[in-house]
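Peer 1: Just input-v3.tsv, nothing more (TSV, C-alpha atoms):
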```
chain	number	residue	atom	x	y	z
A	1222	SER	CA	0.00	0.00	0.00
A	1223	GLN	CA	1.17	3.53	-0.68
A	1224	GLN	CA	-0.77	4.92	2.23
A	1225	GLY	CA	1.02	6.90	4.88
A	1226	GLU	CA	1.08	5.00	8.11
A	1227	GLU	CA	0.61	6.93	11.28
A	1228	ASP	CA	1.51	6.24	14.84
A	1229	PRO	CA	0.36	6.18	17.44
A	1230	GLN	CA	-3.20	5.21	16.48
A	1231	ALA	CA	-4.41	6.96	19.63
A	1232	LEU	CA	-2.82	9.46	22.00
A	1233	SER	CA	-4.20	10.83	25.27
A	1234	ILE	CA	-2.50	13.74	27.03
A	1235	GLN	CA	-3.20	16.49	29.55
A	1236	GLU	CA	-3.85	20.07	28.56
A	1237	GLY	CA	-0.60	22.00	28.30
A	1238	GLU	CA	1.47	18.99	27.25
A	1239	ASN	CA	2.95	18.56	23.79
A	1240	ALA	CA	1.59	15.98	21.34
A	1241	THR	CA	3.70	14.29	18.69
A	1242	MET	CA	2.31	12.24	15.83
A	1243	ASN	CA	4.33	10.42	13.20
A	1244	CYS	CA	3.72	9.48	9.59
A	1245	SER	CA	5.74	7.10	7.45
A	1246	TYR	CA	5.40	6.46	3.74
A	1247	LYS	CA	6.97	4.22	1.14
A	1248	THR	CA	7.77	6.08	-2.08
A	1249	SER	CA	9.05	9.53	-3.08
A	1250	ILE	CA	6.72	12.46	-2.53
A	1251	ASN	CA	6.13	15.94	-3.91
A	1252	ASN	CA	4.70	17.15	-0.63
A	1253	LEU	CA	3.17	15.96	2.61
A	1254	GLN	CA	0.18	17.60	4.26
A	1255	TRP	CA	-1.45	17.33	7.68
A	1256	TYR	CA	-5.20	17.60	8.21
A	1257	ARG	CA	-7.39	17.63	11.32
A	1258	GLN	CA	-10.87	16.12	11.56
A	1259	ASN	CA	-13.24	16.80	14.40
A	1260	SER	CA	-15.83	14.12	15.06
A	1261	GLY	CA	-18.55	14.13	12.42
A	1262	ARG	CA	-16.95	16.90	10.43
A	1263	GLY	CA	-14.84	17.29	7.31
A	1264	LEU	CA	-11.07	17.58	7.27
A	1265	VAL	CA	-9.31	20.89	7.79
A	1266	HIS	CA	-5.93	21.55	6.18
A	1267	LEU	CA	-3.28	22.41	8.77
A	1268	ILE	CA	0.09	22.60	7.06
A	1269	LEU	CA	1.97	21.51	3.95
A	1270	ILE	CA	5.67	20.68	3.73
A	1271	ARG	CA	7.40	20.17	0.38
A	1272	SER	CA	9.93	17.48	-0.35
A	1273	ASN	CA	12.82	19.98	-0.33
A	1274	GLU	CA	11.87	21.37	3.09
A	1275	ARG	CA	12.91	19.89	6.43
A	1276	GLU	CA	10.86	21.84	8.95
A	1277	LYS	CA	7.91	24.17	8.96
A	1278	HIS	CA	6.05	26.09	11.67
A	1279	SER	CA	2.52	27.44	11.91
A	1280	GLY	CA	1.43	28.83	15.26
A	1281	ARG	CA	1.61	25.95	17.77
A	1282	LEU	CA	2.28	23.43	14.99
A	1283	ARG	CA	5.69	22.20	13.95
A	1284	VAL	CA	6.14	19.73	11.10
A	1285	THR	CA	9.35	17.97	10.18
A	1286	LEU	CA	10.13	15.89	7.12
A	1287	ASP	CA	12.93	13.37	6.73
A	1288	THR	CA	12.91	12.16	3.14
A	1289	SER	CA	15.79	9.73	3.77
A	1290	LYS	CA	13.68	7.94	6.38
A	1291	LYS	CA	10.45	8.62	4.50
A	1292	SER	CA	8.82	10.00	7.62
A	1293	SER	CA	7.22	13.13	8.99
A	1294	SER	CA	6.17	14.26	12.43
A	1295	LEU	CA	3.58	16.74	13.61
A	1296	LEU	CA	4.17	18.42	16.97
A	1297	ILE	CA	1.41	20.36	18.70
A	1298	THR	CA	2.80	22.42	21.55
A	1299	ALA	CA	0.91	23.54	24.66
A	1300	SER	CA	-2.11	21.45	23.72
A	1301	ARG	CA	-5.66	22.54	24.48
A	1302	ALA	CA	-8.88	20.58	24.91
A	1303	ALA	CA	-10.00	22.04	21.57
A	1304	ASP	CA	-7.14	20.18	19.86
A	1305	THR	CA	-9.00	16.91	20.49
A	1306	ALA	CA	-9.53	15.46	16.99
A	1307	SER	CA	-8.18	12.94	14.50
A	1308	TYR	CA	-5.05	13.96	12.64
A	1309	PHE	CA	-4.21	12.63	9.19
A	1310	CYS	CA	-1.14	12.89	7.05
A	1311	ALA	CA	-1.70	13.03	3.31
A	1312	THR	CA	0.97	12.35	0.75
A	1313	ASP	CA	1.28	13.50	-2.84
A	1314	PHE	CA	3.36	10.70	-4.37
A	1315	GLN	CA	5.63	11.53	-7.29
A	1316	GLU	CA	4.81	8.32	-9.12
A	1317	THR	CA	1.08	8.75	-8.82
A	1318	SER	CA	-0.62	9.66	-12.04
A	1319	GLY	CA	-3.90	11.46	-11.82
A	1320	SER	CA	-4.89	13.44	-8.80
A	1321	ARG	CA	-4.77	11.10	-5.88
A	1322	LEU	CA	-3.83	12.60	-2.50
A	1323	THR	CA	-3.31	9.58	-0.25
A	1324	PHE	CA	-4.37	9.75	3.39
A	1325	GLY	CA	-3.15	7.67	6.30
A	1326	GLU	CA	-5.43	6.05	8.84
A	1327	GLY	CA	-5.00	8.84	11.35
A	1328	THR	CA	-4.06	9.44	14.97
A	1329	GLN	CA	-6.88	10.06	17.42
A	1330	LEU	CA	-5.71	12.74	19.86
A	1331	THR	CA	-7.53	13.34	23.13
A	1332	VAL	CA	-6.51	16.33	25.23
A	1333	ASN	CA	-7.88	16.10	28.74
A	1334	PRO	CA	-8.69	19.38	30.54
B	257	GLY	CA	-20.58	30.25	-0.17
B	258	ALA	CA	-18.29	30.35	2.81
B	259	GLY	CA	-17.29	26.71	2.58
B	260	VAL	CA	-17.91	23.43	0.82
B	261	SER	CA	-21.50	22.37	1.29
B	262	GLN	CA	-22.74	18.79	1.01
B	263	SER	CA	-26.26	17.44	1.05
B	264	PRO	CA	-27.93	15.49	2.39
B	265	ARG	CA	-26.03	15.27	5.66
B	266	TYR	CA	-27.39	11.79	6.28
B	267	LYS	CA	-28.88	9.29	3.86
B	268	VAL	CA	-30.42	5.94	4.64
B	269	ALA	CA	-31.02	3.70	1.65
B	270	LYS	CA	-32.39	0.23	1.22
B	271	ARG	CA	-30.08	-2.17	-0.57
B	272	GLY	CA	-30.63	-1.86	-4.29
B	273	GLN	CA	-31.75	1.77	-4.20
B	274	ASP	CA	-30.03	4.49	-6.18
B	275	VAL	CA	-28.71	7.53	-4.30
B	276	ALA	CA	-27.42	10.94	-5.36
B	277	LEU	CA	-25.08	13.00	-3.19
B	278	ARG	CA	-24.55	16.68	-3.87
B	279	CYS	CA	-21.50	18.88	-3.41
B	280	ASP	CA	-21.39	22.66	-3.64
B	281	PRO	CA	-17.71	23.67	-3.73
B	282	ILE	CA	-16.29	27.04	-2.77
B	283	SER	CA	-17.11	29.53	-5.51
B	284	GLY	CA	-14.35	29.79	-8.09
B	285	HIS	CA	-12.53	26.64	-7.02
B	286	VAL	CA	-11.20	24.82	-10.04
B	287	SER	CA	-10.57	21.39	-8.54
B	288	LEU	CA	-13.15	19.11	-6.96
B	289	PHE	CA	-12.48	15.76	-5.31
B	290	TRP	CA	-14.68	13.00	-3.94
B	291	TYR	CA	-13.41	10.76	-1.15
B	292	GLN	CA	-14.95	7.81	0.69
B	293	GLN	CA	-14.24	7.40	4.40
B	294	ALA	CA	-15.07	4.20	6.23
B	295	LEU	CA	-15.51	4.29	10.00
B	296	GLY	CA	-12.18	4.70	11.76
B	297	GLN	CA	-10.24	4.97	8.51
B	298	GLY	CA	-8.67	7.72	6.47
B	299	PRO	CA	-10.38	9.06	3.35
B	300	GLU	CA	-9.96	7.02	0.15
B	301	PHE	CA	-9.82	8.84	-3.19
B	302	LEU	CA	-12.72	8.29	-5.59
B	303	THR	CA	-12.55	10.84	-8.39
B	304	TYR	CA	-11.27	14.27	-9.45
B	305	PHE	CA	-12.65	17.09	-11.59
B	306	GLN	CA	-10.84	20.08	-13.00
B	307	ASN	CA	-13.65	22.48	-13.87
B	308	GLU	CA	-16.19	20.29	-15.72
B	309	ALA	CA	-13.69	17.70	-16.88
B	310	GLN	CA	-13.41	14.45	-14.95
B	311	LEU	CA	-9.68	13.89	-15.18
B	312	ASP	CA	-9.31	10.97	-12.83
B	313	LYS	CA	-11.88	8.35	-11.88
B	314	SER	CA	-9.43	5.63	-10.97
B	315	GLY	CA	-10.70	5.38	-7.39
B	316	LEU	CA	-14.33	4.61	-8.20
B	317	PRO	CA	-14.84	1.09	-6.81
B	318	SER	CA	-17.25	-0.15	-9.45
B	319	ASP	CA	-19.33	0.92	-12.43
B	320	ARG	CA	-22.19	1.51	-9.99
B	321	PHE	CA	-20.46	4.75	-9.01
B	322	PHE	CA	-20.79	7.74	-11.28
B	323	ALA	CA	-19.89	11.41	-10.77
B	324	GLU	CA	-20.51	14.54	-12.77
B	325	ARG	CA	-19.84	18.25	-12.63
B	326	PRO	CA	-21.56	19.52	-15.78
B	327	GLU	CA	-21.03	23.27	-15.35
B	328	GLY	CA	-17.82	23.20	-13.45
B	329	SER	CA	-19.35	24.08	-10.09
B	330	VAL	CA	-21.85	21.76	-8.34
B	331	SER	CA	-21.02	18.06	-8.46
B	332	THR	CA	-23.16	14.98	-7.93
B	333	LEU	CA	-21.95	11.54	-6.93
B	334	LYS	CA	-24.45	8.86	-7.87
B	335	ILE	CA	-24.41	5.31	-6.59
B	336	GLN	CA	-26.66	2.83	-8.34
B	337	ARG	CA	-28.05	-0.34	-6.79
B	338	THR	CA	-26.50	0.41	-3.40
B	339	GLN	CA	-24.96	-2.40	-1.39
B	340	GLN	CA	-24.13	-2.64	2.30
B	341	GLU	CA	-20.41	-2.19	1.64
B	342	ASP	CA	-21.19	1.26	0.21
B	343	SER	CA	-22.02	2.45	3.74
B	344	ALA	CA	-19.49	5.18	4.54
B	345	VAL	CA	-19.07	8.93	4.77
B	346	TYR	CA	-18.65	10.53	1.35
B	347	LEU	CA	-16.52	13.65	1.48
B	348	CYS	CA	-16.25	16.32	-1.16
B	349	ALA	CA	-13.30	18.69	-1.30
B	350	SER	CA	-12.40	21.62	-3.49
B	351	SER	CA	-9.23	23.54	-4.18
B	352	PRO	CA	-8.46	26.79	-5.98
B	353	PHE	CA	-5.53	25.10	-7.70
B	354	GLY	CA	-5.85	23.18	-10.91
B	355	GLY	CA	-3.55	20.21	-11.37
B	356	ARG	CA	-2.09	20.43	-7.87
B	357	ARG	CA	-3.02	18.20	-4.96
B	358	GLU	CA	-2.66	20.83	-2.26
B	359	LYS	CA	-4.69	22.44	0.49
B	360	LEU	CA	-8.03	20.80	-0.02
B	361	PHE	CA	-11.12	22.36	1.57
B	362	PHE	CA	-13.50	19.64	2.73
B	363	GLY	CA	-17.23	19.59	3.29
B	364	SER	CA	-18.75	17.88	6.33
B	365	GLY	CA	-19.68	14.87	4.27
B	366	THR	CA	-22.74	12.75	3.62
B	367	GLN	CA	-23.08	9.73	5.87
B	368	LEU	CA	-24.63	6.94	3.81
B	369	SER	CA	-26.12	3.92	5.53
B	370	VAL	CA	-27.31	1.06	3.34
B	371	LEU	CA	-29.65	-1.34	5.10
```
Step by step, read the file and then write its structure as structure tokens.
Peer 2:
Amino acid sequence: SQQGEEDPQALSIQEGENATMNCSYKTSINNLQWYRQNSGRGLVHLILIRSNEREKHSGRLRVTLDTSKKSSSLLITASRAADTASYFCATDFQETSGSRLTFGEGTQLTVNP
Amino acid sequence: GAGVSQSPRYKVAKRGQDVALRCDPISGHVSLFWYQQALGQGPEFLTYFQNEAQLDKSGLPSDRFFAERPEGSVSTLKIQRTQQEDSAVYLCASSPFGGRREKLFFGSGTQLSVL
């Protein structure tokens, strides 16, 4: 499968702590994106990192990309209860023809107040 | 509109029924995608439109699935002779970019239950 694989599948932390989620993939990418999904809602784009970038920041989010290890991590600092959601990585594979953006199975994050 | 709008929000169908799911993308967005999301899974790609042209339908699981976007705005995903394995959330997404798989804006989805 070309899907990104995420770990952990589930993560439970206390408010104020940092949360780290990881994504691994198998073939070369053009870019990797992270999305958040609240229960019963659509996905919301968080951040995009291109294959020639190693780190990117957006507010409390920090994304890293290691193309040699074919992995990415999403760090949420100073977590809040409102960060409780599922987080998905999505990969744009270089070899993929057409327009397929491939999503992983997600990490369910619970931030306890 | 302010965001991607999908209707109906919920749809219950008897096995064998045909269903039609509607997507209203953000005005002016060139690209439109349909995804299928099973419970507890990530979204799976179904099909892609650039304006009115369906450029990629490689993810449609069978010939019972059909999508159209005749005027390059609203899109309809039709499923004929529904089966229980079609039960899922169907997500529509749009993007202002043509030919680039970046920064998709998603609707809240249509939850389809086939009994």
Peer 1: Which residue, B:Thr338, B:Asn307, B:Gln273, B:Ser314, has the smallest gap to chain A when you use only C-alpha atoms?
Peer 2: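 That would be B:Ser314, the residue with the smallest distance to chain A.
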Peer 1: My list of candidates is B:Gly272, B:Ala349, B:Leu277, B:Ile282. Which is closest to Ala323 (chain B) when distances are computed with all atoms listed in the file?
Peer 2: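 The shortest atom-to-atom distance to Ala323 (chain B) comes from B:Leu277.
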Peer 1: Return the neighbours of chain B among the residues of chain A, cut-off 9 Å, counting only C-alpha atoms, as a PyMOL selection string.
Peer 2: chain A and resi 1252+1254+1261-1269+1309+1313+1318-1327
Peer 1: To one decimal in Å, tell me the separation between CA of Ser263 (chain B) and CA of Tyr1256 (chain A).
Peer 2: 22.2 Å
Peer 1: One decimal, Å: what's the distance from CA of Ser1292 (chain A) over to CA of Asn1251 (chain A), could you say?
Peer 2: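 Interatomic distance here is 13.2 Å.
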Peer 1: Find the distance between CA of Asn1333 (chain A) and CA of Gly1237 (chain A) and write it in Å to one decimal.
Peer 2: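 Computing the Euclidean distance for CA of Asn1333 (chain A) and CA of Gly1237 (chain A) yields 9.4 Å.
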Peer 1: Which polymer residues have any atom within 6 Å of an atom of region 1226-1232 of chain A, counting all atoms listed in the file, with same-chain residues fewer than 4 positions away left out, as a PyMOL selection string?
Peer 2: chain A and resi 1243-1245+1325+1327-1330
Peer 1: Check the smallest atom-to-atom distance from each of B:Val275, B:Gln340, B:Ala294, B:Ser283 to Phe321 (chain B) using only C-alpha atoms, then report the winner.
Peer 2: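 With only C-alpha atoms as the atom set, the closest residue is B:Val275.
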Peer 1: Measuring between only C-alpha atoms, which one of A:Val1332, A:Ala1302, A:Lys1291, A:Ile1297 shows the shortest distance to Lys1247 (chain A)?
Peer 2: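 Of the candidates, the smallest distance to Lys1247 (chain A) is held by A:Lys1291.
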